[in-house]
file my_file-v1.txt (compact mmCIF, C-alpha atoms and all ligand atoms)
# COMPACT_ATOMS: atom_id res chain seq x y z
CA MET A 122 -51.47 72.46 157.61
CA SER A 123 -51.61 68.91 156.34
CA ASN A 124 -49.35 67.93 153.41
CA ASP A 125 -52.45 66.91 151.42
CA SER A 126 -54.29 70.20 151.88
CA VAL A 127 -55.24 72.20 148.77
CA SER A 128 -53.72 75.43 150.09
CA LYS A 129 -50.35 73.80 150.85
CA THR A 130 -50.25 72.25 147.34
CA ILE A 131 -50.93 75.69 145.79
CA ILE A 132 -48.27 77.41 147.97
CA VAL A 133 -45.61 74.79 147.11
CA ALA A 134 -46.46 74.90 143.38
CA THR A 135 -46.36 78.73 143.35
CA LEU A 136 -43.02 78.83 145.19
CA LEU A 137 -41.58 76.23 142.82
CA CYS A 138 -42.71 78.27 139.81
CA LEU A 139 -41.19 81.42 141.26
CA VAL A 140 -37.84 79.77 142.01
CA CYS A 141 -37.72 78.19 138.53
CA SER A 142 -38.61 81.44 136.75
CA VAL A 143 -35.88 83.29 138.67
CA ILE A 144 -33.33 80.60 137.69
CA VAL A 145 -34.38 80.75 134.00
CA SER A 146 -34.33 84.57 133.94
CA VAL A 147 -30.91 84.79 135.59
CA ALA A 148 -29.55 82.17 133.17
CA ALA A 149 -31.03 83.99 130.14
CA VAL A 150 -29.64 87.37 131.18
CA SER A 151 -26.22 86.12 132.24
CA LEU A 152 -25.77 83.99 129.09
CA LYS A 153 -26.78 86.80 126.71
CA PRO A 154 -23.23 88.17 126.18
CA ILE A 155 -21.98 84.64 125.47
CA GLN A 156 -24.83 84.07 123.02
CA LYS A 157 -24.00 87.36 121.25
CA GLN A 158 -20.33 86.43 121.09
CA ASN A 159 -21.13 82.98 119.68
CA LYS A 160 -23.50 84.49 117.11
CA LEU A 161 -20.76 86.83 115.93
CA LEU A 162 -18.22 83.99 115.83
CA ASP A 163 -20.67 81.90 113.80
CA LYS A 164 -21.15 84.73 111.31
CA GLN A 165 -17.38 85.15 110.99
CA LYS A 166 -17.04 81.40 110.45
CA ASN A 167 -19.62 81.50 107.64
CA ILE A 168 -17.86 84.42 105.98
CA LEU A 169 -14.50 82.63 106.10
CA ALA A 170 -16.05 79.33 104.99
CA ALA A 171 -17.64 80.92 101.90
CA ALA A 172 -14.22 82.17 100.84
CA GLY A 173 -12.50 78.86 101.64
CA LEU A 174 -10.44 80.60 104.33
CA LEU A 175 -11.09 78.21 107.20
CA SER A 176 -8.11 76.03 107.91
CA PRO A 177 -7.63 73.38 110.56
CA GLY A 178 -5.56 74.58 113.47
CA VAL A 179 -6.38 78.27 112.90
CA SER A 180 -9.12 79.69 115.09
CA VAL A 181 -11.94 81.66 113.51
CA LYS A 182 -10.93 84.66 115.61
CA ASP A 183 -7.33 84.56 114.33
CA ALA A 184 -8.35 84.00 110.69
CA PHE A 185 -10.85 86.85 110.86
CA GLU A 186 -8.13 89.30 111.96
CA LYS A 187 -7.12 89.62 108.29
CA VAL A 188 -10.68 90.56 107.34
CA GLU A 189 -11.71 94.19 107.16
CA VAL A 190 -15.42 94.94 107.42
CA LYS A 191 -16.63 97.89 105.34
CA LEU A 192 -20.06 99.34 104.76
CA VAL A 193 -21.13 99.88 101.17
CA ASN A 194 -23.75 102.25 99.82
CA VAL A 195 -25.16 99.66 97.42
CA SER A 196 -27.29 102.02 95.28
CA GLU A 197 -24.39 104.39 94.69
CA GLY A 198 -21.81 101.62 94.38
CA ARG A 199 -19.26 103.04 96.81
CA PHE A 200 -18.03 102.69 100.38
CA ALA A 201 -20.17 104.54 102.92
CA THR A 202 -18.76 107.84 104.17
CA GLU A 203 -18.04 108.64 107.82
CA SER A 204 -21.11 110.87 107.90
CA GLU A 205 -23.31 108.07 106.54
CA LEU A 206 -21.97 105.78 109.26
CA ALA A 207 -22.69 108.46 111.85
CA ASP A 208 -26.23 108.97 110.51
CA LEU A 209 -26.83 105.24 110.78
CA GLY A 210 -25.46 105.28 114.32
CA VAL A 211 -23.07 102.46 113.43
CA THR A 212 -19.95 102.49 115.57
CA ASP A 213 -19.11 98.79 115.37
CA LEU A 214 -19.64 97.42 111.86
CA SER A 215 -19.67 93.85 113.11
CA LEU A 216 -22.98 94.71 114.81
CA TYR A 217 -24.62 96.26 111.71
CA ASN A 218 -27.90 94.42 111.19
CA GLN A 219 -28.49 94.37 107.46
CA ARG A 220 -31.58 92.21 107.74
CA ARG A 221 -33.26 94.70 110.04
CA ALA A 222 -32.11 97.60 107.84
CA ALA A 223 -33.78 95.94 104.81
CA LYS A 224 -37.12 96.29 106.62
CA THR A 225 -36.56 99.78 108.03
CA SER A 226 -37.93 102.63 105.95
CA GLY A 227 -35.42 105.39 105.33
CA ILE A 228 -32.50 102.98 105.20
CA ASN A 229 -34.03 100.48 102.80
CA VAL A 230 -34.86 100.45 99.11
CA LYS A 231 -38.15 98.98 97.94
CA LEU A 232 -37.70 96.75 94.93
CA PRO A 233 -40.38 96.85 92.21
CA SER A 234 -41.30 93.36 91.00
CA ASP A 235 -39.56 93.74 87.61
CA ILE A 236 -36.25 94.32 89.45
CA ASP A 237 -36.86 92.03 92.41
CA THR A 238 -35.62 88.81 90.81
CA ALA A 239 -34.45 87.50 94.20
CA SER A 240 -38.01 87.95 95.62
CA ILE A 241 -36.83 89.93 98.64
CA HIS A 242 -39.22 92.94 98.26
CA SER A 243 -36.73 95.42 99.70
CA ARG A 244 -33.01 95.56 100.39
CA ALA A 245 -30.91 97.54 102.84
CA LYS A 246 -29.42 100.71 101.39
CA TYR A 247 -26.12 99.75 103.03
CA ALA A 248 -24.44 96.34 103.07
CA ALA A 249 -21.49 95.12 105.12
CA VAL A 250 -18.81 93.60 102.89
CA TYR A 251 -15.64 91.82 103.95
CA LEU A 252 -12.20 92.46 102.50
CA TYR A 253 -9.56 89.78 102.99
CA ARG A 254 -6.10 91.28 102.59
CA ASP A 255 -2.92 89.55 101.45
CA SER A 256 0.30 89.94 103.44
CA ASN A 257 1.15 93.15 101.50
CA GLY A 258 -2.18 94.71 102.41
CA GLY A 259 -3.61 94.28 98.89
CA LEU A 260 -7.04 92.84 98.29
CA ASP A 261 -7.00 89.05 98.12
CA LYS A 262 -10.71 88.26 98.28
CA ILE A 263 -13.97 90.12 98.81
CA ILE A 264 -16.91 88.45 100.50
CA LEU A 265 -20.40 89.76 99.86
CA PRO A 266 -23.68 88.95 101.63
CA ILE A 267 -26.42 87.59 99.35
CA HIS A 268 -29.96 86.37 99.93
CA GLY A 269 -33.08 85.46 98.03
CA TYR A 270 -36.09 83.19 97.91
CA GLY A 271 -35.80 79.51 97.03
CA LEU A 272 -38.86 77.26 97.21
CA TRP A 273 -39.80 77.30 100.90
CA SER A 274 -37.55 79.92 102.36
CA THR A 275 -35.17 82.81 101.96
CA LEU A 276 -31.61 81.55 101.59
CA TYR A 277 -28.98 83.72 103.31
CA GLY A 278 -25.33 83.33 102.42
CA PHE A 279 -22.12 84.81 101.15
CA ILE A 280 -20.35 84.79 97.80
CA ALA A 281 -16.60 85.34 97.76
CA LEU A 282 -14.73 86.73 94.76
CA GLU A 283 -11.03 86.72 93.97
CA ASN A 284 -9.25 90.06 93.60
CA ASP A 285 -10.18 90.33 89.91
CA LEU A 286 -13.72 90.85 91.28
CA ASN A 287 -14.98 88.36 88.72
CA THR A 288 -13.71 84.88 89.63
CA VAL A 289 -15.72 83.10 92.31
CA ALA A 290 -13.68 82.02 95.35
CA GLY A 291 -16.64 80.24 96.92
CA LEU A 292 -20.28 80.39 97.91
CA GLY A 293 -22.16 79.15 100.95
CA PHE A 294 -25.56 79.53 102.58
CA TYR A 295 -25.78 79.67 106.36
CA GLU A 296 -29.54 79.82 106.71
CA HIS A 297 -32.45 78.39 104.74
CA ALA A 298 -35.36 76.00 105.16
CA GLU A 299 -35.20 74.10 101.85
CA THR A 300 -35.90 70.36 102.01
CA PRO A 301 -32.95 68.24 103.14
CA GLY A 302 -31.83 66.05 100.23
CA LEU A 303 -33.51 68.34 97.65
CA GLY A 304 -33.09 72.11 97.89
CA GLY A 305 -31.10 71.51 101.08
CA GLU A 306 -28.30 70.13 98.89
CA VAL A 307 -27.07 73.73 98.63
CA ASP A 308 -25.13 72.74 101.75
CA ASN A 309 -23.54 69.70 100.13
CA PRO A 310 -19.75 70.27 100.03
CA ARG A 311 -19.53 68.46 96.67
CA TRP A 312 -22.01 70.91 95.13
CA LYS A 313 -20.31 73.89 96.74
CA ALA A 314 -16.94 72.69 95.41
CA GLN A 315 -18.12 73.53 91.88
CA TRP A 316 -18.22 77.28 92.52
CA PRO A 317 -14.56 78.28 92.93
CA GLY A 318 -13.07 79.33 89.60
CA LYS A 319 -16.39 80.17 87.92
CA GLN A 320 -16.73 83.61 86.35
CA VAL A 321 -19.48 86.06 87.28
CA TYR A 322 -19.40 88.56 84.41
CA LYS A 323 -19.47 87.97 80.67
CA GLU A 324 -17.47 90.16 78.30
CA ASP A 325 -20.43 92.54 77.90
CA ASN A 326 -20.44 92.88 81.74
CA SER A 327 -23.80 91.09 82.10
CA VAL A 328 -24.04 88.47 84.86
CA GLY A 329 -23.39 85.07 83.30
CA LEU A 330 -23.17 83.04 86.52
CA ARG A 331 -26.09 80.60 86.88
CA LEU A 332 -27.14 77.07 87.73
CA LYS A 333 -27.61 74.77 84.74
CA LYS A 334 -30.41 72.21 84.79
CA GLY A 335 -29.26 68.83 83.51
CA GLY A 336 -25.64 69.50 84.46
CA VAL A 337 -22.82 71.58 83.07
CA ASP A 338 -21.23 70.48 79.79
CA ALA A 339 -17.56 71.20 80.46
CA SER A 340 -16.79 71.21 76.72
CA LYS A 341 -19.01 74.28 76.15
CA PRO A 342 -17.48 77.78 76.52
CA GLN A 343 -20.38 78.89 78.75
CA ALA A 344 -19.40 76.20 81.32
CA ILE A 345 -17.16 78.81 82.97
CA TYR A 346 -20.35 80.63 84.11
CA GLN A 347 -22.32 77.52 85.08
CA VAL A 348 -22.78 75.29 88.12
CA ASP A 349 -24.89 72.10 88.11
CA ALA A 350 -28.49 72.70 89.20
CA LEU A 351 -29.59 70.67 92.23
CA ALA A 352 -31.11 67.32 91.24
CA GLY A 353 -34.88 67.20 91.87
CA ALA A 354 -34.85 70.78 93.13
CA SER A 355 -35.42 73.00 90.12
CA LEU A 356 -37.23 75.62 92.15
CA THR A 357 -34.47 76.08 94.72
CA SER A 358 -31.97 76.06 91.84
CA ARG A 359 -33.90 78.79 90.06
CA GLY A 360 -33.96 80.76 93.31
CA VAL A 361 -30.18 80.45 93.67
CA THR A 362 -29.64 81.60 90.06
CA ASN A 363 -32.01 84.51 90.59
CA LEU A 364 -30.42 85.66 93.83
CA VAL A 365 -26.88 85.38 92.46
CA GLN A 366 -27.91 87.33 89.36
CA PHE A 367 -29.66 89.97 91.46
CA TRP A 368 -26.79 90.57 93.89
CA MET A 369 -24.09 90.51 91.22
CA GLY A 370 -26.16 92.76 88.95
CA ASN A 371 -26.51 96.54 88.98
CA ASP A 372 -29.34 96.53 91.54
CA GLY A 373 -27.03 94.61 93.88
CA PHE A 374 -23.24 94.87 94.07
CA GLY A 375 -22.61 95.21 90.31
CA LEU A 376 -22.08 98.97 90.38
CA PHE A 377 -19.86 98.80 93.48
CA LEU A 378 -17.68 96.02 92.01
CA ASN A 379 -17.33 97.94 88.77
CA ASN A 380 -16.26 101.07 90.63
CA ILE A 381 -13.68 99.41 92.85
CA ARG A 382 -12.34 97.43 89.90
CA GLY A 383 -11.33 100.79 88.44
CA GLU A 384 -10.32 102.54 91.64
CA GLY A 385 -8.95 99.70 93.76
CA VAL A 386 -9.53 99.37 97.50
C1 LIG B 1 -42.03 67.21 100.25
C2 LIG B 1 -41.39 67.87 99.07
C3 LIG B 1 -40.33 68.72 99.27
C4 LIG B 1 -39.72 69.36 98.20
N1 LIG B 1 -38.69 70.23 98.43
C5 LIG B 1 -38.13 70.87 97.38
C6 LIG B 1 -37.07 71.81 97.59
O1 LIG B 1 -36.58 72.05 98.71
N2 LIG B 1 -36.59 72.45 96.50
C7 LIG B 1 -37.08 72.23 95.23
O2 LIG B 1 -36.63 72.88 94.30
N3 LIG B 1 -38.04 71.34 95.03
C8 LIG B 1 -38.59 70.65 96.05
N4 LIG B 1 -39.58 69.76 95.84
C9 LIG B 1 -39.88 69.38 94.46
C10 LIG B 1 -40.66 70.43 93.72
O3 LIG B 1 -41.98 70.32 94.10
C11 LIG B 1 -40.51 70.19 92.23
O4 LIG B 1 -41.03 68.95 91.91
C12 LIG B 1 -39.05 70.19 91.83
O5 LIG B 1 -38.49 71.41 92.15
C13 LIG B 1 -38.87 69.92 90.37
O6 LIG B 1 -37.49 69.70 90.19
P1 LIG B 1 -36.95 68.84 88.96
O7 LIG B 1 -37.50 69.52 87.73
O8 LIG B 1 -35.45 68.95 89.05
O9 LIG B 1 -37.43 67.46 89.13
C14 LIG B 1 -40.18 69.13 96.90
C15 LIG B 1 -41.26 68.26 96.70
C16 LIG B 1 -41.85 67.62 97.76
C17 LIG B 1 -43.00 66.70 97.52

call {"tool": "encode", "arguments": {"input": "my_file-v1.txt", "output": "structure tokens", "more": "lines below"}}
Ligand SMILES: Cc1cc2nc3c(=O)[nH]c(=O)nc-3n(C[C@H](O)[C@H](O)[C@H](O)COP(=O)(O)O)c2cc1C
result
Amino acid sequence: MSNDSVSKTIIVATLLCLVCSVIVSVAAVSLKPIQKQNKLLDKQKNILAAAGLLSPGVSVKDAFEKVEVKLVNVSEGRFATESELADLGVTDLSLYNQRRAAKTSGINVKLPSDIDTASIHSRAKYAAVYLYRDSNGGLDKIILPIHGYGLWSTLYGFIALENDLNTVAGLGFYEHAETPGLGGEVDNPRWKAQWPGKQVYKEDNSVGLRLKKGGVDASKPQAIYQVDALAGASLTSRGVTNLVQFWMGNDGFGLFLNNIRGEGV
């Protein structure tokens, strides 16, 4: 068979395709556990980062050892029971997929539009929360998953609270598709640095925390609840206010935080 023949060209091309597809498949399958591990590590890093618990020289794995993952029944404002965990089939909480649960009937809660201020349509009945303990085993910080719609995308992140369950320890988004330089400034460390120390709840227990268009006036008493809105990104800013208010309110973690404030953890 001559090298220029049509049949030889087809045989060589087919063999090449076969060899390449085998290499790609083997690589995809064998790298899957590493990908899973890296995904988990990335999530742990985001949780620690939101709470300001990442420090140079300490690995994410070591820092996360002080974090306890718990599942919360959000609607009832309490930790999930063993039987609820068994019903969900959750044996390893680090693998609980809240995003999938939010779309799965039976374990999600549909949100009517008057309640759905974060524009998420439905939320998971159960949420994984993260308790960071001090050296005596007491609660130091709690880190809660939050998400909601901005202008172009759903922003996914975490808000961390100090052990008074009212003072913000930090906030960070790990996934969104807002415009870099506009809504994407939610990732700017200078903007994020404004969150620690802010208060979530007013004296009447309503959620005061919000972004303030035009900038926060530090001389005003309400400044303690306010963070500067993002310049030129009013819509993303409104989305961030809405999602924070939703998740801190009684349709989010409000009830749970109120309960554990009384009972302790
Ligand atoms: C290409 C493009 C991308 C934009 N991206 C965002 C964005 O990510 N977030 C946002 O709030 N506004 C974004 N805007 C601006 C909004 O359309 C709107 O003008 C803005 O939110 C108004 O904010 P301001 O009142 O602070 O000026 C974008 C506009 C353009 C043209």

call {"tool": "residues_around", "arguments": {"input": "my_file-v1.txt", "residues": "Ser355 (chain A)", "least_positions_apart": "6", "cutoff": "9 Å", "atoms": "all atoms listed in the file", "output": "PDB file with C-alpha atoms, keeping the file's coordinate frame"}}
result
ATOM      1  CA  LEU A 272     -38.860  77.260  97.210  1.00  0.00           C
ATOM      2  CA  GLY A 304     -33.090  72.110  97.890  1.00  0.00           C
ATOM      3  CA  LYS A 334     -30.410  72.210  84.790  1.00  0.00           C
TER       4      LYS A 334
END

call {"tool": "atom_distance", "arguments": {"input": "my_file-v1.txt", "atom1": "atom C7 of ligand LIG 1 (chain B)", "atom2": "CA of Thr357 (chain A)"}}
result
4.7 Å

call {"tool": "atom_distance", "arguments": {"input": "my_file-v1.txt", "atom1": "CA of Gln347 (chain A)", "atom2": "CA of Leu332 (chain A)"}}
result
5.5 Å

call {"tool": "closest_atom_pairs", "arguments": {"input": "my_file-v1.txt", "of": "chain A", "to": "ligand LIG 1 (chain B)", "cutoff": "10 Å", "atoms": "all atoms listed in the file", "output": "tab-separated table"}}
result
residue	atom	partner	partner_atom	distance
A:Gly271	CA	B:LIG1	N2	7.1
A:Leu272	CA	B:LIG1	N2	5.4
A:Trp273	CA	B:LIG1	O1	6.5
A:Ser274	CA	B:LIG1	O1	8.7
A:His297	CA	B:LIG1	O1	9.7
A:Ala298	CA	B:LIG1	O1	7.7
A:Glu299	CA	B:LIG1	O1	4.0
A:Thr300	CA	B:LIG1	O1	3.8
A:Pro301	CA	B:LIG1	O1	6.9
A:Gly302	CA	B:LIG1	O1	7.8
A:Leu303	CA	B:LIG1	O1	4.9
A:Gly304	CA	B:LIG1	O1	3.6
A:Gly305	CA	B:LIG1	O1	6.0
A:Glu306	CA	B:LIG1	O1	8.5
A:Val307	CA	B:LIG1	O1	9.7
A:Lys334	CA	B:LIG1	O8	7.4
A:Gly335	CA	B:LIG1	O8	8.3
A:Ala350	CA	B:LIG1	O8	7.9
A:Leu351	CA	B:LIG1	O8	6.9
A:Ala352	CA	B:LIG1	O8	5.1
A:Gly353	CA	B:LIG1	O8	3.4
A:Ala354	CA	B:LIG1	O2	3.0
A:Ser355	CA	B:LIG1	O6	3.9
A:Leu356	CA	B:LIG1	O2	3.5
A:Thr357	CA	B:LIG1	O2	3.9
A:Ser358	CA	B:LIG1	O2	6.2
A:Arg359	CA	B:LIG1	O2	7.8
A:Gly360	CA	B:LIG1	O2	8.4
A:Val361	CA	B:LIG1	O2	10.0

call {"tool": "write_last_selection", "arguments": {"input": "my_file-v1.txt", "atoms": "C-alpha atoms", "output": "PDB file, in the coordinates of the input"}}
result
ATOM      1  CA  GLY A 271     -35.800  79.510  97.030  1.00  0.00           C
ATOM      2  CA  LEU A 272     -38.860  77.260  97.210  1.00  0.00           C
ATOM      3  CA  TRP A 273     -39.800  77.300 100.900  1.00  0.00           C
ATOM      4  CA  SER A 274     -37.550  79.920 102.360  1.00  0.00           C
ATOM      5  CA  HIS A 297     -32.450  78.390 104.740  1.00  0.00           C
ATOM      6  CA  ALA A 298     -35.360  76.000 105.160  1.00  0.00           C
ATOM      7  CA  GLU A 299     -35.200  74.100 101.850  1.00  0.00           C
ATOM      8  CA  THR A 300     -35.900  70.360 102.010  1.00  0.00           C
ATOM      9  CA  PRO A 301     -32.950  68.240 103.140  1.00  0.00           C
ATOM     10  CA  GLY A 302     -31.830  66.050 100.230  1.00  0.00           C
ATOM     11  CA  LEU A 303     -33.510  68.340  97.650  1.00  0.00           C
ATOM     12  CA  GLY A 304     -33.090  72.110  97.890  1.00  0.00           C
ATOM     13  CA  GLY A 305     -31.100  71.510 101.080  1.00  0.00           C
ATOM     14  CA  GLU A 306     -28.300  70.130  98.890  1.00  0.00           C
ATOM     15  CA  VAL A 307     -27.070  73.730  98.630  1.00  0.00           C
ATOM     16  CA  LYS A 334     -30.410  72.210  84.790  1.00  0.00           C
ATOM     17  CA  GLY A 335     -29.260  68.830  83.510  1.00  0.00           C
ATOM     18  CA  ALA A 350     -28.490  72.700  89.200  1.00  0.00           C
ATOM     19  CA  LEU A 351     -29.590  70.670  92.230  1.00  0.00           C
ATOM     20  CA  ALA A 352     -31.110  67.320  91.240  1.00  0.00           C
ATOM     21  CA  GLY A 353     -34.880  67.200  91.870  1.00  0.00           C
ATOM     22  CA  ALA A 354     -34.850  70.780  93.130  1.00  0.00           C
ATOM     23  CA  SER A 355     -35.420  73.000  90.120  1.00  0.00           C
ATOM     24  CA  LEU A 356     -37.230  75.620  92.150  1.00  0.00           C
ATOM     25  CA  THR A 357     -34.470  76.080  94.720  1.00  0.00           C
ATOM     26  CA  SER A 358     -31.970  76.060  91.840  1.00  0.00           C
ATOM     27  CA  ARG A 359     -33.900  78.790  90.060  1.00  0.00           C
ATOM     28  CA  GLY A 360     -33.960  80.760  93.310  1.00  0.00           C
ATOM     29  CA  VAL A 361     -30.180  80.450  93.670  1.00  0.00           C
TER      30      VAL A 361
END

call {"tool": "closest_residue", "arguments": {"input": "my_file-v1.txt", "among": "A:Ile236, A:Gly227, A:Asn167, A:Lys129", "to": "Asp208 (chain A)", "atoms": "all atoms listed in the file"}}
result
A:Gly227

call {"tool": "residues_around", "arguments": {"input": "my_file-v1.txt", "residues": "Leu192 (chain A)", "least_positions_apart": "4", "cutoff": "7 Å", "atoms": "all atoms listed in the file", "output": "compact mmCIF listing (two decimals) with C-alpha atoms, in the frame of the given file"}}
result
# COMPACT_ATOMS: atom_id res chain seq x y z
CA PHE A 200 -18.03 102.69 100.38
CA ALA A 201 -20.17 104.54 102.92
CA TYR A 247 -26.12 99.75 103.03
CA ALA A 248 -24.44 96.34 103.07
CA ALA A 249 -21.49 95.12 105.12
CA VAL A 250 -18.81 93.60 102.89

call {"tool": "residues_around", "arguments": {"input": "my_file-v1.txt", "residues": "Ala290 (chain A)", "least_positions_apart": "5", "cutoff": "8 Å", "atoms": "all atoms listed in the file", "output": "PyMOL selection string"}}
result
chain A and resi 171-173+262+280-283+316-318

call {"tool": "closest_residue", "arguments": {"input": "my_file-v1.txt", "among": "A:Ala223, A:Ala207, A:Ala170, A:Leu162", "to": "Asp308 (chain A)", "atoms": "only C-alpha atoms"}}
result
A:Ala170

call {"tool": "closest_residue", "arguments": {"input": "my_file-v1.txt", "among": "A:Gly370, A:Pro266, A:Pro342, A:Gly258", "to": "Glu189 (chain A)", "atoms": "only C-alpha atoms"}}
result
A:Gly258

call {"tool": "residues_around", "arguments": {"input": "my_file-v1.txt", "residues": "Ile263 (chain A)", "least_positions_apart": "6", "cutoff": "12 Å", "atoms": "only C-alpha atoms", "output": "number ranges by chain"}}
result
A: 168-169, 171-174, 187-191, 249-255, 279-292, 374, 377-378, 381-382, 385-386

call {"tool": "write_last_selection", "arguments": {"input": "my_file-v1.txt", "atoms": "C-alpha atoms", "output": "short mmCIF file (atom, residue, chain, number, x, y, z; two decimals), keeping the file's coordinate frame"}}
result
data_model
loop_
_atom_site.label_atom_id
_atom_site.label_comp_id
_atom_site.auth_asym_id
_atom_site.auth_seq_id
_atom_site.Cartn_x
_atom_site.Cartn_y
_atom_site.Cartn_z
CA ILE A 168 -17.86 84.42 105.98
CA LEU A 169 -14.50 82.63 106.10
CA ALA A 171 -17.64 80.92 101.90
CA ALA A 172 -14.22 82.17 100.84
CA GLY A 173 -12.50 78.86 101.64
CA LEU A 174 -10.44 80.60 104.33
CA LYS A 187 -7.12 89.62 108.29
CA VAL A 188 -10.68 90.56 107.34
CA GLU A 189 -11.71 94.19 107.16
CA VAL A 190 -15.42 94.94 107.42
CA LYS A 191 -16.63 97.89 105.34
CA ALA A 249 -21.49 95.12 105.12
CA VAL A 250 -18.81 93.60 102.89
CA TYR A 251 -15.64 91.82 103.95
CA LEU A 252 -12.20 92.46 102.50
CA TYR A 253 -9.56 89.78 102.99
CA ARG A 254 -6.10 91.28 102.59
CA ASP A 255 -2.92 89.55 101.45
CA PHE A 279 -22.12 84.81 101.15
CA ILE A 280 -20.35 84.79 97.80
CA ALA A 281 -16.60 85.34 97.76
CA LEU A 282 -14.73 86.73 94.76
CA GLU A 283 -11.03 86.72 93.97
CA ASN A 284 -9.25 90.06 93.60
CA ASP A 285 -10.18 90.33 89.91
CA LEU A 286 -13.72 90.85 91.28
CA ASN A 287 -14.98 88.36 88.72
CA THR A 288 -13.71 84.88 89.63
CA VAL A 289 -15.72 83.10 92.31
CA ALA A 290 -13.68 82.02 95.35
CA GLY A 291 -16.64 80.24 96.92
CA LEU A 292 -20.28 80.39 97.91
CA PHE A 374 -23.24 94.87 94.07
CA PHE A 377 -19.86 98.80 93.48
CA LEU A 378 -17.68 96.02 92.01
CA ILE A 381 -13.68 99.41 92.85
CA ARG A 382 -12.34 97.43 89.90
CA GLY A 385 -8.95 99.70 93.76
CA VAL A 386 -9.53 99.37 97.50
#

call {"tool": "atom_distance", "arguments": {"input": "my_file-v1.txt", "atom1": "CA of Trp368 (chain A)", "atom2": "CA of Lys341 (chain A)"}}
result
25.3 Å

call {"tool": "build_atoms", "arguments": {"input": "my_file-v1.txt", "residues": "region 204-217 of chain A", "atoms": "N, CA and C atoms", "output": "mmCIF file, in the coordinates of the input"}}
result
data_model
loop_
_atom_site.group_PDB
_atom_site.id
_atom_site.type_symbol
_atom_site.label_atom_id
_atom_site.label_comp_id
_atom_site.auth_asym_id
_atom_site.auth_seq_id
_atom_site.Cartn_x
_atom_site.Cartn_y
_atom_site.Cartn_z
ATOM 1 N N SER A 204 -19.861 110.224 107.491
ATOM 2 C CA SER A 204 -21.110 110.870 107.900
ATOM 3 C C SER A 204 -22.307 109.926 107.721
ATOM 4 N N GLU A 205 -22.234 109.069 106.701
ATOM 5 C CA GLU A 205 -23.310 108.070 106.540
ATOM 6 C C GLU A 205 -23.286 107.085 107.708
ATOM 7 N N LEU A 206 -22.085 106.697 108.116
ATOM 8 C CA LEU A 206 -21.970 105.780 109.260
ATOM 9 C C LEU A 206 -22.526 106.439 110.524
ATOM 10 N N ALA A 207 -22.202 107.736 110.672
ATOM 11 C CA ALA A 207 -22.690 108.460 111.850
ATOM 12 C C ALA A 207 -24.206 108.568 111.821
ATOM 13 N N ASP A 208 -24.760 108.865 110.624
ATOM 14 C CA ASP A 208 -26.230 108.970 110.510
ATOM 15 C C ASP A 208 -26.909 107.655 110.858
ATOM 16 N N LEU A 209 -26.243 106.560 110.482
ATOM 17 C CA LEU A 209 -26.830 105.240 110.780
ATOM 18 C C LEU A 209 -26.645 104.865 112.248
ATOM 19 N N GLY A 210 -25.763 105.579 112.912
ATOM 20 C CA GLY A 210 -25.460 105.280 114.320
ATOM 21 C C GLY A 210 -24.633 104.011 114.455
ATOM 22 N N VAL A 211 -23.876 103.687 113.389
ATOM 23 C CA VAL A 211 -23.070 102.460 113.430
ATOM 24 C C VAL A 211 -21.666 102.785 113.915
ATOM 25 N N THR A 212 -21.316 102.265 115.078
ATOM 26 C CA THR A 212 -19.950 102.490 115.570
ATOM 27 C C THR A 212 -19.129 101.207 115.396
ATOM 28 N N ASP A 213 -19.799 100.063 115.549
ATOM 29 C CA ASP A 213 -19.110 98.790 115.370
ATOM 30 C C ASP A 213 -19.770 98.060 114.198
ATOM 31 N N LEU A 214 -19.046 97.994 113.075
ATOM 32 C CA LEU A 214 -19.640 97.420 111.860
ATOM 33 C C LEU A 214 -20.025 95.953 112.012
ATOM 34 N N SER A 215 -19.341 95.265 112.937
ATOM 35 C CA SER A 215 -19.670 93.850 113.110
ATOM 36 C C SER A 215 -21.082 93.688 113.681
ATOM 37 N N LEU A 216 -21.625 94.793 114.232
ATOM 38 C CA LEU A 216 -22.980 94.710 114.810
ATOM 39 C C LEU A 216 -24.051 95.268 113.863
ATOM 40 N N TYR A 217 -23.637 95.710 112.653
ATOM 41 C CA TYR A 217 -24.620 96.260 111.710
ATOM 42 C C TYR A 217 -25.600 95.149 111.293
#
